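Reproduced below: start.cif, with mmCIF, C-alpha atoms.
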data_structure
#
loop_
_atom_site.label_atom_id
_atom_site.label_comp_id
_atom_site.auth_asym_id
_atom_site.auth_seq_id
_atom_site.Cartn_x
_atom_site.Cartn_y
_atom_site.Cartn_z
CA MET A 1 -6.41 29.49 -23.78
CA LEU A 2 -3.92 26.95 -22.46
CA ARG A 3 -6.51 25.43 -20.16
CA THR A 4 -8.53 23.72 -22.89
CA PRO A 5 -5.66 21.60 -24.34
CA SER A 6 -4.48 20.68 -20.85
CA ARG A 7 -7.97 19.61 -19.83
CA VAL A 8 -8.37 17.56 -23.00
CA LEU A 9 -5.02 15.86 -22.36
CA THR A 10 -5.90 15.24 -18.71
CA GLY A 11 -9.27 13.80 -19.67
CA ALA A 12 -7.68 11.54 -22.29
CA LEU A 13 -5.14 10.25 -19.78
CA ALA A 14 -7.90 9.64 -17.24
CA LEU A 15 -9.88 7.63 -19.78
CA LEU A 16 -6.76 5.69 -20.72
CA PHE A 17 -6.03 4.70 -17.12
CA LEU A 18 -9.67 4.01 -16.27
CA SER A 19 -10.39 1.88 -19.32
CA PRO A 20 -8.94 -1.39 -17.89
CA LEU A 21 -11.07 -1.04 -14.74
CA VAL A 22 -14.17 -0.23 -16.77
CA TRP A 23 -13.50 -3.22 -19.01
CA ALA A 24 -13.06 -5.49 -15.96
CA THR A 25 -16.31 -4.20 -14.43
CA VAL A 26 -18.28 -4.82 -17.62
CA ALA A 27 -16.69 -8.25 -18.09
CA SER A 28 -17.56 -9.25 -14.51
CA VAL A 29 -21.31 -8.85 -15.09
CA SER A 30 -21.59 -9.73 -18.80
CA PRO A 31 -22.54 -13.21 -20.09
CA GLN A 32 -19.53 -15.42 -20.85
CA ALA A 33 -19.30 -19.10 -21.69
CA GLY A 34 -17.63 -21.22 -19.03
CA THR A 35 -18.52 -18.85 -16.18
CA ALA A 36 -21.32 -18.67 -13.64
CA GLN A 37 -22.86 -15.87 -15.73
CA ASN A 38 -23.79 -17.88 -18.81
CA HIS A 39 -26.91 -16.01 -19.89
CA GLY A 40 -27.78 -12.33 -19.52
CA TRP A 41 -26.20 -9.73 -17.35
CA GLY A 42 -25.97 -10.35 -13.61
CA LEU A 43 -23.85 -11.01 -10.53
CA GLY A 44 -23.21 -14.72 -11.01
CA ASN A 45 -19.45 -14.23 -11.09
CA TYR A 46 -19.57 -12.36 -7.82
CA GLU A 47 -21.49 -15.26 -6.26
CA THR A 48 -18.73 -17.61 -7.40
CA LEU A 49 -16.17 -15.31 -5.82
CA ALA A 50 -18.17 -14.99 -2.60
CA ASN A 51 -18.48 -18.76 -2.16
CA TYR A 52 -14.94 -19.77 -3.10
CA GLN A 53 -13.40 -21.98 -0.36
CA ALA A 54 -13.29 -19.93 2.88
CA GLY A 55 -15.44 -17.19 1.34
CA ILE A 56 -14.69 -13.70 0.19
CA GLY A 57 -15.45 -12.32 3.66
CA GLN A 58 -12.54 -14.24 5.15
CA TYR A 59 -10.17 -13.19 2.38
CA LEU A 60 -11.22 -9.56 2.69
CA LEU A 61 -10.67 -9.77 6.44
CA ASN A 62 -7.19 -11.21 5.89
CA SER A 63 -6.29 -8.49 3.39
CA THR A 64 -7.66 -5.76 5.65
CA ALA A 65 -5.75 -7.06 8.68
CA VAL A 66 -2.47 -7.34 6.76
CA SER A 67 -2.89 -3.90 5.17
CA LEU A 68 -3.76 -2.13 8.43
CA MET A 69 -0.89 -3.78 10.32
CA THR A 70 1.50 -2.84 7.50
CA VAL A 71 0.32 0.76 7.59
CA ALA A 72 0.65 0.94 11.38
CA PHE A 73 4.14 -0.60 11.44
CA THR A 74 5.31 1.55 8.53
CA LEU A 75 4.04 4.81 10.04
CA LEU A 76 5.56 4.00 13.42
CA VAL A 77 9.03 3.10 12.18
CA SER A 78 9.25 5.66 9.37
CA GLY A 79 7.90 8.43 11.60
CA LEU A 80 10.57 7.83 14.22
CA GLY A 81 13.27 7.25 11.60
CA GLY A 82 12.38 10.33 9.57
CA TYR A 83 12.31 12.44 12.73
CA ALA A 84 15.76 11.21 13.75
CA PHE A 85 17.31 11.77 10.31
CA ALA A 86 15.77 15.23 9.94
CA MET A 87 16.13 16.71 13.42
CA PHE A 88 19.25 15.15 14.94
CA THR A 89 22.91 15.22 13.96
CA PHE A 90 24.88 12.08 14.71
CA PRO A 91 27.97 10.39 13.24
CA GLY A 92 27.23 8.51 10.03
CA ARG A 93 23.74 9.97 9.62
CA ASN A 94 23.97 10.57 5.89
CA ALA A 95 25.74 7.28 5.25
CA LEU A 96 23.07 5.38 7.15
CA PHE A 97 20.37 7.21 5.23
CA LEU A 98 22.00 6.31 1.91
CA VAL A 99 22.23 2.67 2.98
CA THR A 100 18.52 2.78 3.80
CA LEU A 101 17.73 4.15 0.34
CA ALA A 102 20.06 1.63 -1.29
CA ILE A 103 17.69 -1.15 -0.21
CA LEU A 104 15.39 0.11 -3.00
CA MET A 105 17.89 -1.22 -5.54
CA VAL A 106 17.58 -4.80 -4.25
CA PRO A 107 14.78 -6.78 -6.00
CA TYR A 108 12.57 -7.73 -3.10
CA ALA A 109 11.74 -11.13 -4.63
CA THR A 110 15.35 -12.18 -4.02
CA LEU A 111 14.88 -11.64 -0.27
CA LEU A 112 11.76 -13.75 0.15
CA ILE A 113 13.46 -17.13 0.63
CA PRO A 114 15.88 -15.86 3.33
CA LEU A 115 12.95 -14.09 4.99
CA TYR A 116 10.92 -17.29 4.81
CA VAL A 117 13.70 -19.13 6.68
CA LEU A 118 13.97 -16.31 9.23
CA LEU A 119 10.23 -16.14 9.88
CA ASN A 120 10.08 -19.93 10.16
CA GLY A 121 12.71 -19.78 12.90
CA LEU A 122 10.74 -17.09 14.72
CA GLY A 123 7.45 -18.95 14.41
CA LEU A 124 5.95 -16.25 12.19
CA GLN A 125 5.88 -18.12 8.89
CA ASN A 126 2.33 -18.67 7.62
CA SER A 127 1.25 -15.79 9.86
CA LEU A 128 -0.50 -12.55 8.96
CA VAL A 129 1.73 -10.70 11.45
CA GLY A 130 4.85 -12.10 9.81
CA LEU A 131 3.52 -11.17 6.37
CA SER A 132 2.83 -7.63 7.60
CA LEU A 133 6.37 -7.29 8.99
CA VAL A 134 7.89 -8.35 5.66
CA LEU A 135 5.69 -5.95 3.70
CA THR A 136 6.65 -3.19 6.15
CA MET A 137 10.32 -3.86 5.54
CA PHE A 138 9.82 -3.40 1.80
CA GLN A 139 8.06 -0.07 2.39
CA LEU A 140 10.53 1.45 4.83
CA PRO A 141 13.16 2.91 2.42
CA PHE A 142 10.63 5.10 0.60
CA ALA A 143 8.67 5.79 3.80
CA VAL A 144 11.73 6.96 5.75
CA PHE A 145 12.78 9.14 2.82
CA MET A 146 9.31 10.65 2.60
CA MET A 147 9.11 11.34 6.34
CA ARG A 148 12.58 12.87 6.45
CA ILE A 149 11.78 15.44 3.78
CA SER A 150 8.41 16.09 5.45
CA PHE A 151 10.07 16.85 8.79
CA GLU A 152 12.75 18.96 7.10
CA ALA A 153 10.00 21.07 5.50
CA VAL A 154 8.72 22.03 8.98
CA PRO A 155 10.26 25.26 10.32
CA GLY A 156 12.90 24.46 12.92
CA GLU A 157 11.53 27.19 15.19
CA LEU A 158 8.44 25.05 15.79
CA ARG A 159 10.43 22.30 17.48
CA GLU A 160 12.66 24.77 19.29
CA SER A 161 9.62 26.53 20.74
CA ALA A 162 8.25 23.22 21.97
CA LEU A 163 11.56 22.34 23.63
CA ILE A 164 11.76 25.77 25.27
CA ASP A 165 8.24 25.30 26.62
CA GLY A 166 9.38 22.15 28.41
CA CYS A 167 8.55 19.41 25.92
CA GLY A 168 11.00 16.59 25.49
CA ASN A 169 11.94 15.33 22.06
CA PHE A 170 9.24 12.66 22.08
CA ARG A 171 6.50 15.02 23.29
CA ALA A 172 7.55 17.61 20.71
CA LEU A 173 7.26 14.94 18.04
CA LEU A 174 3.92 13.65 19.25
CA HIS A 175 2.12 16.93 19.98
CA VAL A 176 3.77 19.47 17.67
CA LEU A 177 5.58 17.94 14.70
CA LEU A 178 3.34 15.02 13.77
CA PRO A 179 0.32 17.30 13.13
CA ALA A 180 2.56 19.45 10.95
CA VAL A 181 3.65 16.49 8.78
CA ARG A 182 0.18 14.95 8.45
CA PRO A 183 0.23 15.08 4.59
CA GLY A 184 3.48 13.11 4.61
CA LEU A 185 2.01 10.54 6.98
CA VAL A 186 -1.05 10.18 4.75
CA THR A 187 1.16 9.71 1.67
CA VAL A 188 3.23 7.03 3.39
CA GLY A 189 0.09 5.36 4.71
CA ILE A 190 -1.54 5.26 1.26
CA PHE A 191 1.54 3.75 -0.35
CA ALA A 192 1.85 1.15 2.42
CA PHE A 193 -1.83 0.25 2.18
CA LEU A 194 -1.83 -0.10 -1.61
CA ALA A 195 1.36 -2.18 -1.57
CA ALA A 196 0.05 -4.52 1.13
CA TRP A 197 -3.46 -4.77 -0.33
CA ASN A 198 -2.29 -5.64 -3.85
CA ASP A 199 0.81 -7.72 -3.11
CA PHE A 200 0.76 -11.22 -4.54
CA ILE A 201 4.30 -12.65 -4.52
CA THR A 202 4.98 -12.20 -0.79
CA PRO A 203 1.87 -14.05 0.49
CA LEU A 204 2.41 -16.66 -2.23
CA VAL A 205 5.76 -17.53 -0.63
CA LEU A 206 4.98 -16.93 3.04
CA ILE A 207 1.37 -18.12 3.39
CA SER A 208 0.65 -21.84 3.02
CA ASP A 209 -2.77 -22.00 4.71
CA SER A 210 -5.49 -21.11 2.20
CA ALA A 211 -7.73 -19.80 5.01
CA LYS A 212 -5.08 -17.14 5.78
CA ALA A 213 -4.60 -16.07 2.17
CA PRO A 214 -5.25 -12.40 1.32
CA LEU A 215 -7.65 -11.64 -1.50
CA PRO A 216 -5.09 -11.31 -4.38
CA LEU A 217 -3.78 -14.81 -3.65
CA ALA A 218 -7.32 -16.21 -3.35
CA VAL A 219 -8.32 -14.65 -6.70
CA ALA A 220 -5.23 -16.11 -8.38
CA ASN A 221 -5.96 -19.56 -6.93
CA MET A 222 -9.58 -19.34 -8.05
CA ARG A 223 -8.62 -18.79 -11.71
CA GLN A 224 -7.74 -22.44 -12.25
CA GLN A 225 -10.95 -24.42 -12.16
CA VAL A 226 -11.84 -27.86 -13.51
CA MET A 227 -9.32 -29.28 -16.06
CA GLY A 228 -7.29 -26.07 -16.02
CA ILE A 229 -10.02 -23.89 -17.53
CA VAL A 230 -9.64 -20.27 -16.43
CA ASP A 231 -12.78 -18.68 -14.98
CA TYR A 232 -12.32 -15.20 -16.44
CA GLY A 233 -15.64 -13.92 -15.15
CA ALA A 234 -14.86 -14.67 -11.51
CA THR A 235 -11.33 -13.34 -12.01
CA GLU A 236 -12.67 -10.02 -13.30
CA ALA A 237 -15.07 -9.88 -10.35
CA GLY A 238 -12.08 -10.33 -8.04
CA VAL A 239 -10.23 -7.52 -9.82
CA VAL A 240 -13.17 -5.16 -9.26
CA VAL A 241 -13.45 -6.07 -5.57
CA LEU A 242 -9.70 -5.56 -5.15
CA ALA A 243 -9.75 -2.17 -6.90
CA LEU A 244 -12.71 -0.58 -5.11
CA PRO A 245 -11.10 -0.01 -1.65
CA CYS A 246 -8.01 1.46 -3.33
CA ILE A 247 -10.09 3.89 -5.39
CA VAL A 248 -12.20 4.97 -2.42
CA LEU A 249 -9.14 5.44 -0.20
CA PHE A 250 -7.28 7.48 -2.79
CA LEU A 251 -10.25 9.71 -3.59
CA ALA A 252 -10.88 10.35 0.11
CA LEU A 253 -7.25 11.26 0.87
CA GLN A 254 -5.97 12.67 -2.43
CA ARG A 255 -5.74 16.23 -1.08
CA HIS A 256 -3.36 15.17 1.70
CA TYR A 257 -1.53 12.88 -0.74
CA VAL A 258 -0.75 15.73 -3.14
CA ARG A 259 0.24 18.06 -0.28
CA GLY A 260 2.58 15.40 1.06
CA PHE A 261 4.49 15.26 -2.23
CA MET A 262 4.40 19.03 -2.59
CA SER A 263 6.06 19.47 0.81
CA GLY A 264 9.03 17.45 -0.41
CA ALA A 265 9.14 19.28 -3.72
CA LEU A 266 9.10 22.68 -2.04
CA LYS A 267 11.85 21.58 0.33
CA GLY A 268 13.96 20.46 -2.63
#
Is it possible to give me this structure as structure tokens?
Amino acid sequence: MLRTPSRVLTGALALLFLSPLVWATVASVSPQAGTAQNHGWGLGNYETLANYQAGIGQYLLNSTAVSLMTVAFTLLVSGLGGYAFAMFTFPGRNALFLVTLAILMVPYATLLIPLYVLLNGLGLQNSLVGLSLVLTMFQLPFAVFMMRISFEAVPGELRESALIDGCGNFRALLHVLLPAVRPGLVTVGIFAFLAAWNDFITPLVLISDSAKAPLPLAVANMRQQVMGIVDYGATEAGVVVLALPCIVLFLALQRHYVRGFMSGALKG
């Protein structure tokens, strides 16, 4: 009997969260004054988006490159860091871990100007690689925390057996432990991808070349058209294009995503 109320509540929450995306989708193809879709329903707003400056293909490529590099850097560093914090005992381990988590309390917008100066000195300002490194840094506190609890949820006998069989620490990590913490890796990867794909403030500060702009920055720049009039139709089309990869990725990996959080909950 308890299932029916819970399903009704779940369905209502789903409709509540989906309603903005549905509204944006309808608005992107509906007729609106001052947009490319003046009369009737159609894809005029998407044509405006596709032909804006360097073209939507270039902006999608930029966003994809930044997101994939951010995911790769985050998984590499957090995987090694989580493994070290979970499996090794060394002086100051817990203090260092708390310092890593304390970075979450620092508003990341306050770090952008110092990072801009640093990247400029390294020759990485106005670079997709530099942007990916900054986004990775913002993801690492949560990612290291997530990977630590994922490794701690793995039975210690698994690593000990690998070491007894002749594996070194790195081989045990690569061949034995990483497959066991795959849900945690997927969770970290999803968070890193979504953060990099949707981030607006960081590329706004670090990217000055419009041809290197990721899609969120391009959509924001496109809003202001002639005499400051906002093109809401093209903006809604950009919102839909931005949301689709996130929805597809989450639906494809949601099983691993939930298992990744459950591993930490069970460990706690």
Computed gap from atom CA of A:Gly40 to atom CA of A:Pro20 is 21.8 Å
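What the PyMOL selection byres ((chain A and resi 80) around 12) grabs from this file is Phe73, Thr74, Leu75, Leu76, Val77, Ser78, Gly79, Gly81, Gly82, Tyr83, Ala84, Phe85, Ala86, Met87, Phe88, Leu140, Ala143, Val144, Phe145, Met147, Arg148, Phe151, Asn169, Phe170, Leu173, Leu174, Leu177, Leu178 and Leu185 of chain A.
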Residues within 10 Å of stretch 189-197 of chain A, please, as a ChimeraX atom specification. Count all atoms listed in the file; anything in the same chain fewer than 3 positions from it doesn't count. /A:60,62-75,131-132,134-136,138-140,142-143,183-186,200,202-203,214-216,242-243,245-247,249-250,253-254,257
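Atom CA of A:Val176 lies 13.8 Å from atom CA of A:Ala153.
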Please give the centre and size of the box around stretch 166-174 of chain A (axis-aligned, containing every atom listed in the file, 5 Å added per side), with values in Å to one decimal and written as AutoDock Vina command-line options.
--center_x 7.9 --center_y 17.4 --center_z 23.2 --size_x 18.0 --size_y 19.5 --size_z 20.4
Resolved residues for the PyMOL selection byres ((chain A and resi 219) around 9) as a PyMOL selection string: chain A and resi 49+214-218+220-223+234-235+238-239
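Here the question is which of A:Arg93, A:Gly156, A:Pro114, A:Asn51 gets nearest to A:Ala36 using all atoms listed in the file, and that residue is A:Asn51.
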Which residues fall under the PyMOL selection byres ((chain A and resi 125) around 12) in this file, as a ChimeraX atom specification? /A:112-124,126-134,202-209,212
Distance in Å - atom CA of A:Ala14 versus atom CA of A:Gly42: 27.2 Å
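Shortest separation to A:Asp199 among A:Ala33, A:Ala24, A:Ala213, A:Leu158 occurs at residue A:Ala213, atoms counted being all atoms listed in the file.
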Write out as a list in words which residues come within 9 Å of A:Ala27 when counting only C-alpha atoms, dropping same-chain ones fewer than 5 positions away. Val22, Gln32, Tyr232, Gly233, Glu236 and Ala237 of chain A
